[in-house]
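Asks: After the C-alpha cells below, expect a handful of questions from me.
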Amino acid sequence: MVKIAETLTRLLAWVAGLAVLLMMFHVMVDVLGKYLFNAPLPGTAEVVAAYYMIGAVFLPLAWVEVSGGSIVVEVIYEKVPERAQKVMLILADVVSAIYYSVLAWFSWGVAVHAWRINETVDGIWRVTTWPAKFLLPFGFGLVVVVLLMRIAMGERGRMKAAHSAVEI
C-alpha cells in the first residue's frame with residue numbers, strides 16, 4: 001500500500017509539472033500570436049485558470065506532504081523531548097487529515113454540482129470547466145490517505161519522495 005501511494009504521489013507531481021510546462025507553452029504561443037500575428041489563441045485565460053493552475057496546485061499536494069514540503073513552525077517543537085515531538089507530529093497529522101477531509105468533502109459537492117449543471121466559462125470560446133473541479137477532492141483525498149497511513153503505520157507508513165523539499 002505504501003509503495004502504491006509513493007508511486008501515485010510521484011506520478012501526480014510529474015503530471016503537475018507537465019501542467020506547468022503546458023501552461024507556459026500555451027501562454028507563450030498566445031502572446032506570440034497576439035503580438036506577431038495579431039491573432040491570440042482564443043480561450044487561453046480560461047484554460048489556464050480552469051485547468052493548468054488547478055492541476056499544478058492540487059495534484060501534487062500529497063507529494064508535498066510526503067516530501068516534507070509543508071510549512072512547519074518549529075518554535076516549541078525543537079525545545080521539547082523526543083517523545084513529545086513524536087506526539088506533536090501525530091497530532092499535526094490528525095489535525096491535517098481532518099482539515100483535508102473537510103476540504104475534500106466540500107470540494108466534492110462543488111465538483112458534482114458543476115458536473116450536473118455542465119459548468120462552463122464563457123470567453124471568446126465556451127470552455128467546459130467541470131472536469132477540473134474533480135481534481136480538488138482527488139488531491140485532497142490522496143493527502144488524507146497519505147496522512148492516515150502515516151498515523152496508522154507510524155514509521156512504516158512514512159513514505160519517501162524521490163526528491164525531498166529543500167530545508168531552509
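Letters A, B, ... go to the chains of the C-alpha cells in the order shown; residues in each chain start at 1; ligands are counted from 1 in the same order.
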For range 40-94 of chain A against range 18-32 of chain A, with a cut-off of 8 Å and counting only C-alpha atoms, what is the closest atom pair and its distance in Å to one decimal for every residue that makes the cut, ordered by chain and number, as CSV?
Replies:
residue,atom,partner,partner_atom,distance
A:Pro40,CA,A:Asp30,CA,4.9
A:Leu41,CA,A:Asp30,CA,5.0
A:Thr44,CA,A:Val27,CA,6.9
A:Val48,CA,A:Met23,CA,6.3
A:Tyr52,CA,A:Ala19,CA,5.3
A:Met53,CA,A:Val20,CA,7.6
A:Gly55,CA,A:Ala19,CA,6.4
A:Ala56,CA,A:Ala19,CA,5.9
Asks: For the strand (DSSP E) assignment from backbone DSSP, which residues of range 59-131 of chain A qualify? Please present them as a PDB file with C-alpha atoms, in the first residue's frame.
Replies:
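What follows is the written file out.pdb:
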ATOM      1  CA  THR A 120     -18.637  26.300 -18.450  1.00  0.00           C
ATOM      2  CA  VAL A 121     -16.823  29.618 -18.653  1.00  0.00           C
ATOM      3  CA  ASP A 122     -17.690  31.927 -21.492  1.00  0.00           C
ATOM      4  CA  ARG A 126     -17.029  28.389 -24.263  1.00  0.00           C
ATOM      5  CA  VAL A 127     -14.715  26.281 -22.077  1.00  0.00           C
ATOM      6  CA  THR A 128     -16.153  23.364 -20.087  1.00  0.00           C
TER       7      THR A 128
END
Asks: Tell me which protein, DNA and RNA residues are within 12 Å of Val144 in chain A, counting only C-alpha atoms, leaving out same-chain ones fewer than 5 positions away, and put them as an MDAnalysis selection string.
Replies: chainID A and resid 5 61:63 65:66 93:105 137:139 149:152
Asks: Just the number, please: distance in Å from CA of Glu46 in chain A to CA of Trp125 in chain A, one decimal.
Replies: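 Atom-to-atom, CA of Glu46 in chain A to CA of Trp125 in chain A, that is 8.9 Å.
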Asks: With only C-alpha atoms as the atoms that count, which of A:Met88, A:Leu59, A:Met153, A:Val75 lies nearest to Leu136 in chain A?
Replies: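 Ranked by minimum distance to Leu136 in chain A, first place goes to A:Leu59.
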Asks: Set the distance at 9 Å and use only C-alpha atoms: which residues neighbour Ile117 in chain A once local chain neighbours fewer than 4 positions away are removed? I'd like the list as a PyMOL selection string.
Replies: chain A and resi 112-113+130
Asks: Generate the output file for the selected residues, N, CA and C atoms, as a PDB file, in the first residue's frame.
Replies:
ATOM      1  N   VAL A 112     -19.433  17.872  -8.047  1.00  0.00           N
ATOM      2  CA  VAL A 112     -20.635  17.167  -8.507  1.00  0.00           C
ATOM      3  C   VAL A 112     -21.671  18.162  -9.026  1.00  0.00           C
ATOM      4  N   HIS A 113     -21.824  19.279  -8.315  1.00  0.00           N
ATOM      5  CA  HIS A 113     -22.763  20.309  -8.769  1.00  0.00           C
ATOM      6  C   HIS A 113     -22.334  20.860 -10.131  1.00  0.00           C
ATOM      7  N   TRP A 130     -16.099  21.825 -15.629  1.00  0.00           N
ATOM      8  CA  TRP A 130     -16.433  20.896 -14.548  1.00  0.00           C
ATOM      9  C   TRP A 130     -15.432  19.754 -14.371  1.00  0.00           C
TER      10      TRP A 130
END
Asks: Expressed in Å to a single decimal, how great is the separation between CA of Gly154 in chain A and CA of Leu89 in chain A?
Replies: 10.3 Å
